[in-house]
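Raw run.csv, CSV, C-alpha atoms:
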```
chain,number,residue,atom,x,y,z
A,317,MET,CA,23.0,-20.6,23.7
A,318,ALA,CA,20.4,-18.2,25.0
A,319,ASP,CA,21.6,-15.4,22.7
A,320,PHE,CA,21.6,-17.6,19.6
A,321,PRO,CA,18.4,-16.4,18.1
A,322,SER,CA,19.4,-12.7,18.5
A,323,ASN,CA,22.7,-13.2,16.7
A,324,VAL,CA,21.2,-14.8,13.6
A,325,THR,CA,20.6,-12.6,10.6
A,326,THR,CA,18.1,-13.6,7.9
A,327,GLU,CA,19.5,-11.4,5.2
A,328,THR,CA,21.0,-13.3,2.3
A,329,SER,CA,24.1,-12.2,0.4
A,330,THR,CA,22.1,-11.4,-2.7
A,331,ASN,CA,19.8,-9.1,-0.7
A,332,ALA,CA,22.8,-7.4,0.9
A,333,GLN,CA,24.5,-6.9,-2.4
A,334,SER,CA,21.3,-5.7,-4.0
A,335,SER,CA,20.6,-3.2,-1.2
A,336,GLN,CA,24.2,-1.9,-1.3
A,337,GLN,CA,24.4,-1.4,-5.0
A,338,GLY,CA,20.9,-0.1,-5.6
A,339,GLY,CA,19.3,-3.3,-6.9
A,340,ASN,CA,17.6,-3.0,-10.2
A,341,THR,CA,17.5,0.8,-10.1
A,342,LEU,CA,19.2,3.2,-12.4
A,343,ARG,CA,21.7,4.0,-9.7
A,344,GLY,CA,22.6,0.3,-9.3
A,345,LEU,CA,23.1,-0.1,-13.0
A,346,ALA,CA,25.4,3.0,-13.1
A,347,THR,CA,27.4,1.6,-10.2
A,348,GLN,CA,27.9,-1.7,-12.0
A,349,VAL,CA,28.9,-0.1,-15.3
A,350,SER,CA,31.3,2.4,-13.7
A,351,SER,CA,32.9,-0.3,-11.6
A,352,GLY,CA,33.9,-2.1,-14.8
A,353,MET,CA,35.5,1.0,-16.3
A,354,ASP,CA,39.1,2.0,-15.8
A,355,MET,CA,38.8,5.6,-14.9
A,356,SER,CA,42.5,6.0,-14.4
A,357,PHE,CA,42.9,5.1,-18.1
A,358,VAL,CA,40.6,8.0,-19.2
A,359,ARG,CA,42.8,10.5,-17.4
A,360,SER,CA,46.0,9.2,-19.1
A,361,ILE,CA,47.8,10.7,-22.1
A,362,PRO,CA,47.3,7.6,-24.3
A,363,ALA,CA,43.5,7.8,-23.7
A,364,MET,CA,43.4,11.5,-24.4
A,365,LEU,CA,45.3,10.8,-27.7
A,366,MET,CA,42.9,8.1,-28.6
A,367,ILE,CA,39.9,10.4,-27.9
A,368,ALA,CA,41.6,13.0,-30.1
A,369,GLU,CA,42.1,10.3,-32.8
A,370,ILE,CA,38.5,9.3,-32.6
A,371,VAL,CA,37.1,12.9,-32.8
A,372,LEU,CA,39.5,14.2,-35.4
A,373,GLY,CA,39.3,11.0,-37.4
A,374,LEU,CA,35.5,11.4,-37.5
A,375,LEU,CA,35.9,15.0,-38.7
A,376,HIS,CA,38.3,13.8,-41.4
A,377,TRP,CA,36.2,11.2,-43.0
A,378,ALA,CA,33.0,13.2,-42.5
A,379,LEU,CA,34.5,16.1,-44.5
A,380,ILE,CA,35.4,13.7,-47.3
A,381,ALA,CA,32.1,11.9,-47.2
A,382,SER,CA,30.3,15.2,-47.6
A,383,THR,CA,31.9,15.6,-51.1
A,384,LEU,CA,31.7,13.7,-54.3
A,385,TYR,CA,34.7,11.7,-53.3
A,386,THR,CA,33.8,8.8,-55.7
A,387,VAL,CA,34.8,11.0,-58.7
A,388,ILE,CA,38.5,10.8,-57.7
A,389,PRO,CA,39.5,7.1,-57.1
A,390,ALA,CA,42.3,8.1,-54.7
A,391,TYR,CA,39.7,9.2,-52.1
A,392,GLY,CA,38.5,5.6,-51.9
A,393,TRP,CA,41.8,4.7,-50.3
A,394,VAL,CA,41.6,7.7,-48.0
A,395,MET,CA,38.1,6.9,-46.9
A,396,PHE,CA,39.1,3.2,-46.3
A,397,VAL,CA,42.0,4.2,-44.1
A,398,ALA,CA,40.0,6.9,-42.3
A,399,VAL,CA,36.9,4.8,-41.5
A,400,THR,CA,38.7,1.6,-40.8
A,401,SER,CA,41.2,3.2,-38.4
A,402,TRP,CA,38.4,5.2,-36.8
A,403,LEU,CA,36.4,2.0,-36.1
A,404,PHE,CA,39.3,0.0,-34.8
A,405,THR,CA,40.5,2.9,-32.6
A,406,LEU,CA,37.0,3.2,-31.1
A,407,ILE,CA,36.9,-0.6,-30.5
A,408,LEU,CA,40.4,-0.5,-29.0
A,409,PHE,CA,39.5,2.4,-26.7
A,410,ILE,CA,36.4,0.6,-25.4
A,411,LEU,CA,38.4,-2.7,-24.9
A,412,ILE,CA,41.0,-0.9,-22.8
A,413,LEU,CA,38.4,1.3,-21.0
A,414,TYR,CA,36.5,-1.9,-19.8
A,415,ARG,CA,39.8,-3.7,-18.9
A,416,VAL,CA,39.3,-6.5,-21.4
A,417,GLN,CA,43.1,-6.9,-21.6
A,418,ARG,CA,43.0,-8.1,-18.0
A,419,ARG,CA,40.5,-10.9,-18.9
A,420,LEU,CA,42.7,-12.0,-21.8
A,421,PRO,CA,46.2,-12.2,-20.4
A,422,SER,CA,47.4,-14.5,-23.1
A,423,VAL,CA,47.3,-11.7,-25.7
A,424,PRO,CA,50.4,-9.4,-25.6
A,425,TRP,CA,48.4,-6.2,-25.4
A,426,THR,CA,51.3,-3.8,-25.2
A,427,LEU,CA,52.7,-5.3,-28.4
A,428,VAL,CA,49.3,-5.3,-30.1
A,429,VAL,CA,48.7,-1.7,-29.2
A,430,MET,CA,52.2,-0.6,-30.3
A,431,VAL,CA,52.0,-2.5,-33.7
A,432,TYR,CA,48.4,-1.2,-34.3
A,433,HIS,CA,49.4,2.5,-33.7
A,434,GLY,CA,52.6,2.1,-35.8
A,435,VAL,CA,50.7,0.5,-38.8
A,436,VAL,CA,47.9,3.1,-38.6
A,437,THR,CA,50.5,5.9,-38.5
A,438,VAL,CA,52.0,4.7,-41.7
A,439,LEU,CA,48.6,4.1,-43.4
A,440,TYR,CA,47.3,7.5,-42.3
A,441,LEU,CA,50.5,9.2,-43.5
A,442,ILE,CA,49.9,7.7,-47.0
A,443,ALA,CA,46.3,8.7,-46.8
A,444,PHE,CA,47.2,12.3,-45.8
A,445,ILE,CA,49.7,12.6,-48.7
A,446,THR,CA,47.0,11.2,-51.1
A,447,ASN,CA,44.4,13.5,-49.6
A,448,ALA,CA,46.6,16.6,-49.9
A,449,ALA,CA,47.8,15.7,-53.4
A,450,CYS,CA,44.2,15.4,-54.7
A,451,VAL,CA,42.8,18.7,-53.3
A,452,TYR,CA,41.8,20.7,-56.3
A,453,HIS,CA,40.3,24.2,-56.8
A,454,GLY,CA,36.7,23.1,-57.3
A,455,PHE,CA,33.4,23.3,-55.6
A,456,TYR,CA,34.6,21.1,-52.6
A,457,TYR,CA,38.0,22.7,-52.2
A,458,GLY,CA,37.3,23.9,-48.6
A,459,HIS,CA,36.1,20.4,-47.5
A,460,LEU,CA,39.0,18.6,-49.0
A,461,ALA,CA,41.6,21.1,-47.8
A,462,ALA,CA,40.1,20.9,-44.3
A,463,ALA,CA,40.1,17.1,-44.5
A,464,ALA,CA,43.8,17.2,-45.5
A,465,PHE,CA,44.5,19.3,-42.4
A,466,PHE,CA,42.7,17.0,-40.1
A,467,ALA,CA,44.4,14.0,-41.7
A,468,ALA,CA,47.8,15.6,-40.9
A,469,VAL,CA,46.7,16.2,-37.3
A,470,VAL,CA,45.4,12.6,-36.9
A,471,THR,CA,48.6,11.3,-38.4
A,472,ILE,CA,50.6,13.2,-35.8
A,473,ALA,CA,48.3,11.9,-33.0
A,474,TYR,CA,48.7,8.3,-34.2
A,475,GLY,CA,52.5,8.8,-34.3
A,476,VAL,CA,52.6,10.2,-30.8
A,477,SER,CA,50.3,7.3,-29.7
A,478,ALA,CA,52.8,4.8,-31.3
A,479,PHE,CA,55.6,6.5,-29.4
A,480,PHE,CA,53.8,6.1,-26.1
A,481,ALA,CA,52.8,2.6,-26.9
A,482,TYR,CA,56.5,1.9,-27.7
A,483,LEU,CA,57.5,3.3,-24.3
A,484,ASP,CA,54.8,1.2,-22.6
A,485,TRP,CA,56.1,-1.9,-24.4
A,486,ARG,CA,59.7,-1.3,-23.5
A,487,GLY,CA,58.7,-0.7,-19.8
A,488,ASP,CA,56.6,-3.9,-19.8
A,489,GLY,CA,59.7,-6.1,-20.5
A,490,GLY,CA,59.1,-6.4,-24.2
A,491,ASN,CA,62.8,-7.2,-24.8
A,492,ALA,CA,63.2,-10.9,-24.2
A,493,ALA,CA,67.0,-10.7,-24.2
A,494,THR,CA,67.1,-8.5,-21.1
A,495,ASN,CA,64.5,-10.7,-19.3
A,496,THR,CA,66.4,-14.0,-19.8
A,497,VAL,CA,70.0,-13.0,-19.1
A,498,PRO,CA,70.8,-12.5,-15.5
A,499,THR,CA,72.5,-9.2,-14.7
```

Starting from the file, give its structure as structure tokens.
Amino acid sequence: MADFPSNVTTETSTNAQSSQQGGNTLRGLATQVSSGMDMSFVRSIPAMLMIAEIVLGLLHWALIASTLYTVIPAYGWVMFVAVTSWLFTLILFILILYRVQRRLPSVPWTLVVMVYHGVVTVLYLIAFITNAACVYHGFYYGHLAAAAFFAAVVTIAYGVSAFFAYLDWRGDGGNAATNTVPT
């Protein structure tokens, strides 16, 4: 009992955690933010494809938005597909980056991602065909032709993402028949 006072520590767990992670400093905030991110996802092929979809999709709709696209009604559809898919891809990327799918296990994330990329591939293919068909030799010919090129590249990127999402879904046990029948 004589060593009892020398073995007691007065540091609480919040103080220990605060001193280990940097407390309220900028370094502590950076540690908390980076600990919530899935850095292995950023280095994966699906993440690189999503980053390409975000960057090239932004270029696509920015090129169209810099023209008088309201003159040709078909570009309304192209802008709707481009901006909507760009926003949803950005949101999906952030959700996966911050591991929200682990906090919501009741959502079949592999199926959701596969269906999303498949649907967006089809919609972007239609938007690309519409964009390419409506390019005319006018004042904004260069912008609209470049937008058609980026639409084609984004369509391919979404198609490849749909393929990888399909492979992920198949590897995750997406086929209920193979999971219920003993082999």

>> Just the number, please: distance in Å from atom CA of Tyr457 of chain A to atom CA of Leu375 of chain A, one decimal.
In response: 15.7 Å

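Comparing A:Pro421, A:Leu408, A:Ala478, A:Val399 by their smallest distance to Gly434 of chain A, the closest is A:Ala478 (using all atoms listed in the file).
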
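Remark: for Trp425 of chain A, the closest of the candidate residues A:Asp484, A:Thr400, A:Phe479, A:Gly458 is A:Asp484 (distances computed over all atoms listed in the file).
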
> Of the candidates A:Cys450, A:Val416, A:Leu403, A:Ile361, which shows the shortest atom-to-atom distance to Val387 of chain A, using only C-alpha atoms?
Replying inline: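 Nearest to Val387 of chain A: A:Cys450.
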
> Of the candidates A:Val358, A:Ala462, A:Ile445, A:Ala468, which shows the shortest atom-to-atom distance to Ala378 of chain A, using all atoms listed in the file?
Replying inline: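 Smallest distance to Ala378 of chain A is found for A:Ala462.
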
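In this model, the gap between atom CA of Met395 of chain A and atom CA of Trp377 of chain A comes to 6.1 Å.
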
>> So, with all atoms listed in the file as the atoms that count, which of A:Ala449, A:Met366, A:Leu420, A:Ala390 lies closest to Thr471 of chain A?
In response: A:Met366

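Interatomic distance, atom CA of Phe409 of chain A against atom CA of His459 of chain A: 27.7 Å.
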
Would you pick out the contacts of Phe455 of chain A at 10 Å or less, using only C-alpha atoms, so that residues sharing its chain but fewer than 5 positions from it are not included, and give the list as a PDB file with C-alpha atoms, in the frame of the given file?
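Wrote it out as part_28.pdb, contents follow:
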```
ATOM      1  CA  THR A 383      31.900  15.600 -51.100  1.00  0.00           C
ATOM      2  CA  LEU A 384      31.700  13.700 -54.300  1.00  0.00           C
ATOM      3  CA  LEU A 460      39.000  18.600 -49.000  1.00  0.00           C
TER       4      LEU A 460
END
```

>> Which residues are near Phe357 of chain A? Cut-off 10 Å, all atoms listed in the file, ignore same chain within fewer than 5 positions. Put them as number ranges by chain.
In response: A: 362-364, 409, 412-415

>> Measuring between all atoms listed in the file, which one of A:Gly352, A:Gly454, A:Pro389, A:Gly373 shows the shortest distance to Val469 of chain A?
In response: A:Gly373

Starting from the sparse input, extend segment 455-484 of chain A to N, CA and C atoms and give the output as a CSV table (one decimal), in the frame of the given file.
```csv
chain,number,residue,atom,x,y,z
A,455,PHE,N,34.5,23.0,-56.4
A,455,PHE,CA,33.4,23.3,-55.6
A,455,PHE,C,33.7,22.8,-54.1
A,456,TYR,N,34.3,21.7,-53.9
A,456,TYR,CA,34.6,21.1,-52.6
A,456,TYR,C,36.0,21.4,-52.1
A,457,TYR,N,36.6,22.4,-52.6
A,457,TYR,CA,38.0,22.7,-52.2
A,457,TYR,C,38.1,22.9,-50.7
A,458,GLY,N,37.2,23.6,-50.1
A,458,GLY,CA,37.3,23.9,-48.6
A,458,GLY,C,37.2,22.6,-47.8
A,459,HIS,N,36.2,21.7,-48.2
A,459,HIS,CA,36.1,20.4,-47.5
A,459,HIS,C,37.3,19.6,-47.6
A,460,LEU,N,37.8,19.5,-48.8
A,460,LEU,CA,39.0,18.6,-49.0
A,460,LEU,C,40.2,19.1,-48.4
A,461,ALA,N,40.4,20.5,-48.4
A,461,ALA,CA,41.6,21.1,-47.8
A,461,ALA,C,41.5,20.9,-46.3
A,462,ALA,N,40.3,21.1,-45.7
A,462,ALA,CA,40.1,20.9,-44.3
A,462,ALA,C,40.3,19.4,-43.9
A,463,ALA,N,39.9,18.5,-44.8
A,463,ALA,CA,40.1,17.1,-44.5
A,463,ALA,C,41.6,16.7,-44.6
A,464,ALA,N,42.3,17.4,-45.5
A,464,ALA,CA,43.8,17.2,-45.5
A,464,ALA,C,44.4,17.7,-44.2
A,465,PHE,N,44.0,18.8,-43.7
A,465,PHE,CA,44.5,19.3,-42.4
A,465,PHE,C,44.2,18.4,-41.3
A,466,PHE,N,43.0,17.9,-41.2
A,466,PHE,CA,42.7,17.0,-40.1
A,466,PHE,C,43.4,15.6,-40.3
A,467,ALA,N,43.6,15.2,-41.5
A,467,ALA,CA,44.4,14.0,-41.7
A,467,ALA,C,45.8,14.2,-41.2
A,468,ALA,N,46.4,15.4,-41.4
A,468,ALA,CA,47.8,15.6,-40.9
A,468,ALA,C,47.8,15.6,-39.3
A,469,VAL,N,46.8,16.2,-38.7
A,469,VAL,CA,46.7,16.2,-37.3
A,469,VAL,C,46.5,14.8,-36.7
A,470,VAL,N,45.6,14.0,-37.4
A,470,VAL,CA,45.4,12.6,-36.9
A,470,VAL,C,46.6,11.8,-37.1
A,471,THR,N,47.4,12.0,-38.2
A,471,THR,CA,48.6,11.3,-38.4
A,471,THR,C,49.6,11.6,-37.3
A,472,ILE,N,49.7,12.8,-36.9
A,472,ILE,CA,50.6,13.2,-35.8
A,472,ILE,C,50.1,12.5,-34.5
A,473,ALA,N,48.8,12.5,-34.2
A,473,ALA,CA,48.3,11.9,-33.0
A,473,ALA,C,48.6,10.4,-33.0
A,474,TYR,N,48.4,9.7,-34.1
A,474,TYR,CA,48.7,8.3,-34.2
A,474,TYR,C,50.2,8.1,-34.0
A,475,GLY,N,51.0,9.0,-34.5
A,475,GLY,CA,52.5,8.8,-34.3
A,475,GLY,C,52.9,9.0,-32.9
A,476,VAL,N,52.3,10.0,-32.2
A,476,VAL,CA,52.6,10.2,-30.8
A,476,VAL,C,52.0,9.0,-29.9
A,477,SER,N,50.9,8.5,-30.3
A,477,SER,CA,50.3,7.3,-29.7
A,477,SER,C,51.3,6.1,-29.9
A,478,ALA,N,51.8,5.9,-31.1
A,478,ALA,CA,52.8,4.8,-31.3
A,478,ALA,C,54.0,5.0,-30.4
A,479,PHE,N,54.5,6.2,-30.2
A,479,PHE,CA,55.6,6.5,-29.4
A,479,PHE,C,55.3,6.1,-27.9
A,480,PHE,N,54.2,6.5,-27.4
A,480,PHE,CA,53.8,6.1,-26.1
A,480,PHE,C,53.6,4.6,-25.9
A,481,ALA,N,53.0,4.0,-26.9
A,481,ALA,CA,52.8,2.6,-26.9
A,481,ALA,C,54.2,1.8,-26.9
A,482,TYR,N,55.2,2.4,-27.7
A,482,TYR,CA,56.5,1.9,-27.7
A,482,TYR,C,57.1,2.0,-26.3
A,483,LEU,N,57.0,3.1,-25.6
A,483,LEU,CA,57.5,3.3,-24.3
A,483,LEU,C,56.8,2.3,-23.3
A,484,ASP,N,55.6,2.1,-23.4
A,484,ASP,CA,54.8,1.2,-22.6
A,484,ASP,C,55.3,-0.3,-22.8
```
